[in-house]
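**Student:** So that you have it, the file is target-v6.csv, and it contains CSV, C-alpha atoms:
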chain,number,residue,atom,x,y,z
A,1,GLU,CA,-2.1,-4.3,73.4
A,2,GLY,CA,-3.3,-2.9,70.1
A,3,GLU,CA,-5.5,-0.3,71.7
A,4,GLY,CA,-6.0,2.8,69.6
A,5,GLU,CA,-5.0,1.0,66.4
A,6,GLU,CA,-7.2,1.8,63.5
A,7,VAL,CA,-8.2,-1.1,61.3
A,8,VAL,CA,-8.5,-0.2,57.7
A,9,GLU,CA,-10.7,-2.5,55.7
A,10,GLU,CA,-10.1,-2.8,52.0
A,11,PRO,CA,-13.2,-2.2,49.8
A,12,ALA,CA,-14.7,-5.4,48.6
A,13,ALA,CA,-14.5,-6.1,44.9
A,14,PRO,CA,-17.8,-5.5,43.1
A,15,ALA,CA,-19.9,-8.6,42.7
A,16,MET,CA,-20.4,-10.0,39.2
A,17,PRO,CA,-24.0,-9.4,38.2
A,18,PRO,CA,-26.1,-12.1,36.4
A,19,ARG,CA,-25.0,-12.5,32.8
A,20,PRO,CA,-27.5,-12.2,30.0
A,21,ARG,CA,-28.4,-15.4,28.1
A,22,PRO,CA,-26.4,-15.9,24.9
A,23,LEU,CA,-28.4,-15.2,21.7
A,24,LYS,CA,-28.0,-17.1,18.5
A,25,SER,CA,-28.3,-16.1,14.9
A,26,GLU,CA,-31.8,-17.7,14.9
A,27,ASP,CA,-32.9,-15.2,17.6
A,28,TYR,CA,-32.5,-12.2,15.3
A,29,VAL,CA,-36.3,-11.5,15.3
A,30,ARG,CA,-36.0,-10.6,19.0
A,31,ARG,CA,-33.4,-7.9,18.5
A,32,VAL,CA,-34.3,-4.5,20.0
A,33,PRO,CA,-31.8,-1.8,19.0
A,34,ALA,CA,-31.1,1.4,21.0
A,35,PRO,CA,-32.8,4.4,19.5
A,36,LYS,CA,-29.5,5.5,17.9
A,37,PHE,CA,-29.3,2.3,15.9
A,38,GLN,CA,-33.0,2.0,15.0
A,39,GLU,CA,-32.2,3.0,11.4
A,40,TRP,CA,-29.8,0.0,11.1
A,41,ARG,CA,-32.6,-2.4,12.1
A,42,THR,CA,-34.8,-0.8,9.5
A,43,ILE,CA,-32.2,-1.3,6.8
A,44,GLU,CA,-31.8,-5.0,7.9
A,45,THR,CA,-35.5,-5.5,7.7
A,46,LEU,CA,-35.8,-4.0,4.3
A,47,THR,CA,-32.9,-6.1,3.1
A,48,LEU,CA,-34.4,-9.4,4.3
A,49,ALA,CA,-37.7,-8.4,2.8
A,50,LEU,CA,-36.1,-8.7,-0.7
A,51,LYS,CA,-36.4,-12.5,-0.4
A,52,GLU,CA,-39.9,-12.1,-1.8
A,53,LYS,CA,-38.4,-10.9,-5.0
A,54,PRO,CA,-37.5,-13.6,-7.6
A,55,LEU,CA,-33.8,-14.4,-8.1
A,56,ILE,CA,-32.8,-12.5,-5.0
A,57,ARG,CA,-31.5,-14.2,-1.9
A,58,PRO,CA,-30.6,-11.6,0.8
A,59,TYR,CA,-28.4,-12.1,3.8
A,60,VAL,CA,-27.4,-10.0,6.8
A,61,VAL,CA,-24.2,-10.5,8.7
A,62,CYS,CA,-24.3,-8.8,12.1
A,63,ALA,CA,-20.8,-8.2,13.4
A,64,GLY,CA,-19.5,-7.5,16.9
A,65,LEU,CA,-17.1,-4.6,17.6
A,66,PRO,CA,-14.3,-5.1,15.0
A,67,TYR,CA,-10.6,-5.3,15.9
A,68,GLY,CA,-7.4,-6.6,14.3
A,69,ASN,CA,-6.6,-4.2,11.5
A,70,GLY,CA,-6.5,-0.8,13.2
A,71,GLU,CA,-10.2,-0.3,13.6
A,72,GLU,CA,-11.5,2.8,15.4
A,73,CYS,CA,-13.4,1.1,18.2
A,74,PHE,CA,-10.4,0.6,20.6
A,75,LEU,CA,-8.1,3.3,19.3
A,76,GLY,CA,-8.7,5.5,22.4
A,77,LEU,CA,-8.1,2.5,24.7
A,78,PHE,CA,-4.8,1.6,23.0
A,79,LYS,CA,-3.6,5.2,22.9
A,80,ALA,CA,-4.3,5.7,26.6
A,81,ALA,CA,-2.5,2.5,27.5
A,82,TRP,CA,0.5,3.4,25.2
A,83,GLN,CA,0.8,6.8,26.9
A,84,THR,CA,-0.1,5.5,30.3
A,85,ARG,CA,-2.7,8.1,30.7
A,86,PRO,CA,-5.3,8.2,33.5
A,87,THR,CA,-8.1,7.9,30.9
A,88,LEU,CA,-7.5,4.1,31.0
A,89,ARG,CA,-10.8,3.3,32.7
A,90,VAL,CA,-14.0,1.3,32.6
A,91,ILE,CA,-17.5,2.7,32.4
A,92,GLY,CA,-19.7,1.5,35.3
A,93,ASP,CA,-18.5,-1.7,37.0
A,94,GLY,CA,-17.1,-3.0,33.7
A,95,PHE,CA,-18.8,-6.4,33.9
A,96,ASN,CA,-20.9,-5.9,30.8
A,97,THR,CA,-20.2,-8.4,28.0
A,98,ILE,CA,-19.0,-6.8,24.7
A,99,PRO,CA,-19.2,-9.0,21.5
A,100,LEU,CA,-16.0,-8.7,19.5
A,101,VAL,CA,-14.9,-10.1,16.1
A,102,HIS,CA,-11.6,-10.0,14.2
A,103,VAL,CA,-12.2,-8.3,10.9
A,104,ARG,CA,-10.7,-11.2,9.0
A,105,ASP,CA,-13.0,-13.7,10.7
A,106,ALA,CA,-16.0,-11.5,9.7
A,107,ALA,CA,-14.7,-11.4,6.2
A,108,ARG,CA,-14.4,-15.2,6.1
A,109,LEU,CA,-18.0,-15.5,7.3
A,110,VAL,CA,-19.2,-13.2,4.5
A,111,ARG,CA,-17.4,-15.3,2.0
A,112,ARG,CA,-18.9,-18.5,3.3
A,113,VAL,CA,-22.4,-17.1,3.3
A,114,ALA,CA,-21.9,-16.0,-0.3
A,115,GLU,CA,-20.5,-19.3,-1.4
A,116,GLU,CA,-22.8,-21.7,0.5
A,117,ARG,CA,-26.0,-19.7,0.5
A,118,PRO,CA,-27.3,-21.3,3.8
A,119,PRO,CA,-31.1,-21.5,4.6
A,120,LEU,CA,-30.8,-19.0,7.5
A,121,GLU,CA,-30.6,-15.5,6.2
A,122,TYR,CA,-29.2,-13.8,9.4
A,123,HIS,CA,-25.7,-14.6,10.8
A,124,LEU,CA,-23.7,-13.3,13.8
A,125,ALA,CA,-20.0,-12.7,13.3
A,126,VAL,CA,-18.6,-12.7,16.8
A,127,ASP,CA,-15.7,-14.3,18.7
A,128,ARG,CA,-16.2,-17.0,21.3
A,129,GLY,CA,-14.2,-14.9,23.8
A,130,ASP,CA,-17.3,-13.7,25.7
A,131,ALA,CA,-15.1,-10.9,27.2
A,132,SER,CA,-16.3,-8.2,29.6
A,133,GLN,CA,-15.4,-4.5,29.2
A,134,ARG,CA,-13.2,-4.8,32.3
A,135,GLU,CA,-11.4,-7.9,31.0
A,136,ILE,CA,-10.7,-6.1,27.7
A,137,VAL,CA,-9.3,-2.9,29.4
A,138,GLU,CA,-7.2,-4.8,32.0
A,139,ALA,CA,-5.8,-7.1,29.3
A,140,VAL,CA,-4.7,-4.1,27.2
A,141,ALA,CA,-3.2,-2.4,30.3
A,142,LYS,CA,-1.3,-5.5,31.2
A,143,GLU,CA,0.2,-5.9,27.6
A,144,PHE,CA,1.4,-2.3,27.7
A,145,GLY,CA,2.9,-2.7,31.2
A,146,VAL,CA,0.5,-0.3,33.0
A,147,ASP,CA,0.7,-1.2,36.7
A,148,GLU,CA,-1.8,1.2,38.0
A,149,PRO,CA,-5.3,-0.2,38.8
A,150,VAL,CA,-7.9,0.6,36.2
A,151,ARG,CA,-10.5,3.0,37.7
A,152,SER,CA,-14.2,3.1,37.1
A,153,ILE,CA,-16.3,6.1,36.1
A,154,SER,CA,-20.0,6.3,36.2
A,155,ILE,CA,-22.2,6.0,33.1
A,156,PRO,CA,-23.4,9.7,33.5
A,157,GLU,CA,-19.8,10.8,33.6
A,158,ALA,CA,-19.1,9.0,30.3
A,159,ILE,CA,-22.3,9.8,28.5
A,160,LEU,CA,-20.5,12.1,26.1
A,161,ALA,CA,-17.4,10.0,25.7
A,162,GLU,CA,-16.6,8.7,22.3
A,163,LEU,CA,-18.1,5.2,21.7
A,164,ALA,CA,-19.5,5.1,25.2
A,165,ASP,CA,-22.7,3.5,23.9
A,166,MET,CA,-20.7,0.6,22.4
A,167,LEU,CA,-18.5,0.1,25.4
A,168,THR,CA,-21.5,-0.1,27.7
A,169,MET,CA,-23.5,-2.6,25.7
A,170,ASP,CA,-24.2,-5.9,27.4
A,171,LEU,CA,-24.8,-8.7,24.9
A,172,ARG,CA,-23.7,-12.3,24.8
A,173,LEU,CA,-23.8,-13.6,21.2
A,174,GLU,CA,-22.9,-17.0,19.8
A,175,PRO,CA,-21.1,-17.1,16.5
A,176,SER,CA,-22.9,-18.4,13.4
A,177,ASP,CA,-22.5,-22.1,12.8
A,178,LEU,CA,-20.6,-21.2,9.6
A,179,MET,CA,-17.9,-19.7,11.8
A,180,VAL,CA,-17.6,-22.8,13.9
A,181,GLU,CA,-18.0,-25.6,11.4
A,182,PRO,CA,-15.2,-26.2,8.9
A,183,PRO,CA,-16.1,-25.6,5.3
A,184,ALA,CA,-17.1,-28.5,3.2
A,185,PRO,CA,-14.2,-29.8,1.0
A,186,ALA,CA,-14.3,-28.6,-2.6
A,187,PRO,CA,-15.1,-31.4,-5.1
A,188,ALA,CA,-12.1,-32.5,-7.1
A,189,ALA,CA,-11.9,-31.5,-10.7
A,190,PRO,CA,-12.5,-34.4,-13.2
A,191,GLU,CA,-8.9,-34.1,-14.4
A,192,GLU,CA,-7.6,-34.6,-10.8
A,193,ASP,CA,-9.9,-37.6,-10.4
A,194,ALA,CA,-8.5,-39.2,-13.5
A,195,GLU,CA,-4.9,-38.6,-12.4
A,196,ALA,CA,-5.6,-40.0,-9.0
A,197,ALA,CA,-7.2,-43.1,-10.4
A,198,ALA,CA,-4.2,-43.6,-12.8
A,199,ASP,CA,-1.8,-43.2,-9.9
A,200,ALA,CA,-3.7,-45.7,-7.8
A,201,ALA,CA,-3.9,-48.3,-10.6
A,202,PRO,CA,-1.4,-51.2,-10.3
A,203,ALA,CA,1.6,-51.2,-12.7
Mind turning the file's structure into structure tokens?
**Tutor:**
Amino acid sequence: EGEGEEVVEEPAAPAMPPRPRPLKSEDYVRRVPAPKFQEWRTIETLTLALKEKPLIRPYVVCAGLPYGNGEECFLGLFKAAWQTRPTLRVIGDGFNTIPLVHVRDAARLVRRVAEERPPLEYHLAVDRGDASQREIVEAVAKEFGVDEPVRSISIPEAILAELADMLTMDLRLEPSDLMVEPPAPAPAAPEEDAEAAADAAPA
């Protein structure tokens, strides 16, 4: 019984590779950019060098891929999901970690840096999501009701694709402490202190 039946084995899911160690804002001296972004690093270095000038306190806020207000980074992804096009795919195995940040959270960090002037001059503006490329693409596909499995394409196939260099980065970044810690309460104005004391006084 069962002779001649062909057993079809389903392909095993790709194994999750070791994840990179998370980097903190304090590790900024170790950053090594891709050749395309070498000029950005030079600009950051020149900016931080201004601390030698009197009356100047420079800061650099390094942001993850922005989202939240119609930013360009994921426009193609959302468009493909909305149109249920076959271009909804991941590059490589899709397990690379992509640092993200909501634009409003990045703006809040810039404001806190400007207001509090912390000792550290380099700050990472990223979410705590720690999401992989595959998790991002599959989450978007699910929200748009795309039932077909997300396919993979090789990195050489996507080498000329728009934003391929950003979607294939593999970085785990921890947000600046200023994004995690609540801001210090603002001191009460003298008039408010006097009114509070008067209210608390016994009749």
**Student:** Name all residues at most 9 Å from Met179 (chain A) (count all atoms listed in the file; drop same-chain ones fewer than 2 positions away) and give them as a list in words.
**Tutor:**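 Answer for this query is Asp105, Ala106, Arg108, Leu109, Arg112, Leu124, Ala125, Val126, Pro175, Ser176, Asp177, Glu181, Pro182 and Pro183 of chain A.
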**Student:** Select, from A:Glu121, A:Glu143, A:Glu157, A:Asp165, the residue with the minimum atom-to-atom distance to Tyr28 (chain A), counting only C-alpha atoms.
**Tutor:** A:Glu121
**Student:** So what do you get for CA of Ala34 (chain A) versus CA of Ala161 (chain A), distance-wise?
**Tutor:** 16.8 Å
**Student:** Go ahead and fit an axis-aligned box to every listed atom of region 143-153 of chain A plus 8 Å each side, and pass me the centre and edge lengths in Å, one decimal, as JSON.
**Tutor:**
{"center_x": -6.7, "center_y": 0.1, "center_z": 33.2, "size_x": 35.2, "size_y": 28.0, "size_z": 27.2}
**Student:** Give me the residues within 12 Å of Ala139 (chain A) as an MDAnalysis selection string, counting all atoms listed in the file and dropping any in the same chain fewer than 4 places off.
**Tutor:** chainID A and resid 77:78 81 88 131:135 143:147 149:150
**Student:** Those residues you just picked out, can you put them in a file as a PDB file, in the frame of the given file with C-alpha atoms?
**Tutor:**
ATOM      1  CA  LEU A  77      -8.100   2.500  24.700  1.00  0.00           C
ATOM      2  CA  PHE A  78      -4.800   1.600  23.000  1.00  0.00           C
ATOM      3  CA  ALA A  81      -2.500   2.500  27.500  1.00  0.00           C
ATOM      4  CA  LEU A  88      -7.500   4.100  31.000  1.00  0.00           C
ATOM      5  CA  ALA A 131     -15.100 -10.900  27.200  1.00  0.00           C
ATOM      6  CA  SER A 132     -16.300  -8.200  29.600  1.00  0.00           C
ATOM      7  CA  GLN A 133     -15.400  -4.500  29.200  1.00  0.00           C
ATOM      8  CA  ARG A 134     -13.200  -4.800  32.300  1.00  0.00           C
ATOM      9  CA  GLU A 135     -11.400  -7.900  31.000  1.00  0.00           C
ATOM     10  CA  GLU A 143       0.200  -5.900  27.600  1.00  0.00           C
ATOM     11  CA  PHE A 144       1.400  -2.300  27.700  1.00  0.00           C
ATOM     12  CA  GLY A 145       2.900  -2.700  31.200  1.00  0.00           C
ATOM     13  CA  VAL A 146       0.500  -0.300  33.000  1.00  0.00           C
ATOM     14  CA  ASP A 147       0.700  -1.200  36.700  1.00  0.00           C
ATOM     15  CA  PRO A 149      -5.300  -0.200  38.800  1.00  0.00           C
ATOM     16  CA  VAL A 150      -7.900   0.600  36.200  1.00  0.00           C
TER      17      VAL A 150
END
**Student:** Fewer than 6 positions away in the same chain doesn't count, so skip those; otherwise give me all residues within 12 Å of Trp40 (chain A), counting all atoms listed in the file, as a short mmCIF file (atom, residue, chain, number, x, y, z; two decimals) with C-alpha atoms, in the coordinates of the input.
**Tutor:**
data_model
loop_
_atom_site.label_atom_id
_atom_site.label_comp_id
_atom_site.auth_asym_id
_atom_site.auth_seq_id
_atom_site.Cartn_x
_atom_site.Cartn_y
_atom_site.Cartn_z
CA ARG A 31 -33.40 -7.90 18.50
CA VAL A 32 -34.30 -4.50 20.00
CA PRO A 33 -31.80 -1.80 19.00
CA ALA A 34 -31.10 1.40 21.00
CA LEU A 46 -35.80 -4.00 4.30
CA THR A 47 -32.90 -6.10 3.10
CA VAL A 60 -27.40 -10.00 6.80
CA CYS A 62 -24.30 -8.80 12.10
#
**Student:** What is the distance, in Å and to one decimal place, between CA of Glu174 (chain A) and CA of Pro22 (chain A)?
**Tutor:**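 Separating CA of Glu174 (chain A) from CA of Pro22 (chain A) is a distance of 6.3 Å.
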**Student:** So how many Å separate CA of Gly68 (chain A) and CA of His123 (chain A), to one decimal?
**Tutor:** 20.3 Å
**Student:** Show which residues sit within 12 Å of Tyr59 (chain A), as a list in words. Count all atoms listed in the file, and ignore same-chain residues fewer than 3 positions away.
**Tutor:**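 What passes the distance filter is Ser25, Ile43, Glu44, Thr45, Leu46, Thr47, Leu48, Ala49, Leu50, Lys51, Ile56, Cys62, Leu109, Val110, Arg111, Arg112, Val113, Ala114, Glu115, Glu116, Arg117, Pro118, Pro119, Leu120, Glu121, Tyr122, His123 and Leu124 of chain A.
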**Student:** List the spatial neighbours of region 91-98 of chain A as a PyMOL selection string - criterion: any atom at most 9 Å away, all atoms listed in the file, same-chain residues fewer than 3 positions off excluded.
**Tutor:** chain A and resi 14+16-17+19-20+64-65+130-137+151-155+157-158+164+166-172
**Student:** Calculated over all atoms listed in the file, which of the candidates A:Val103, A:Arg89, A:Leu173, A:Lys79 has the smallest distance to Asp27 (chain A)?
**Tutor:** A:Leu173
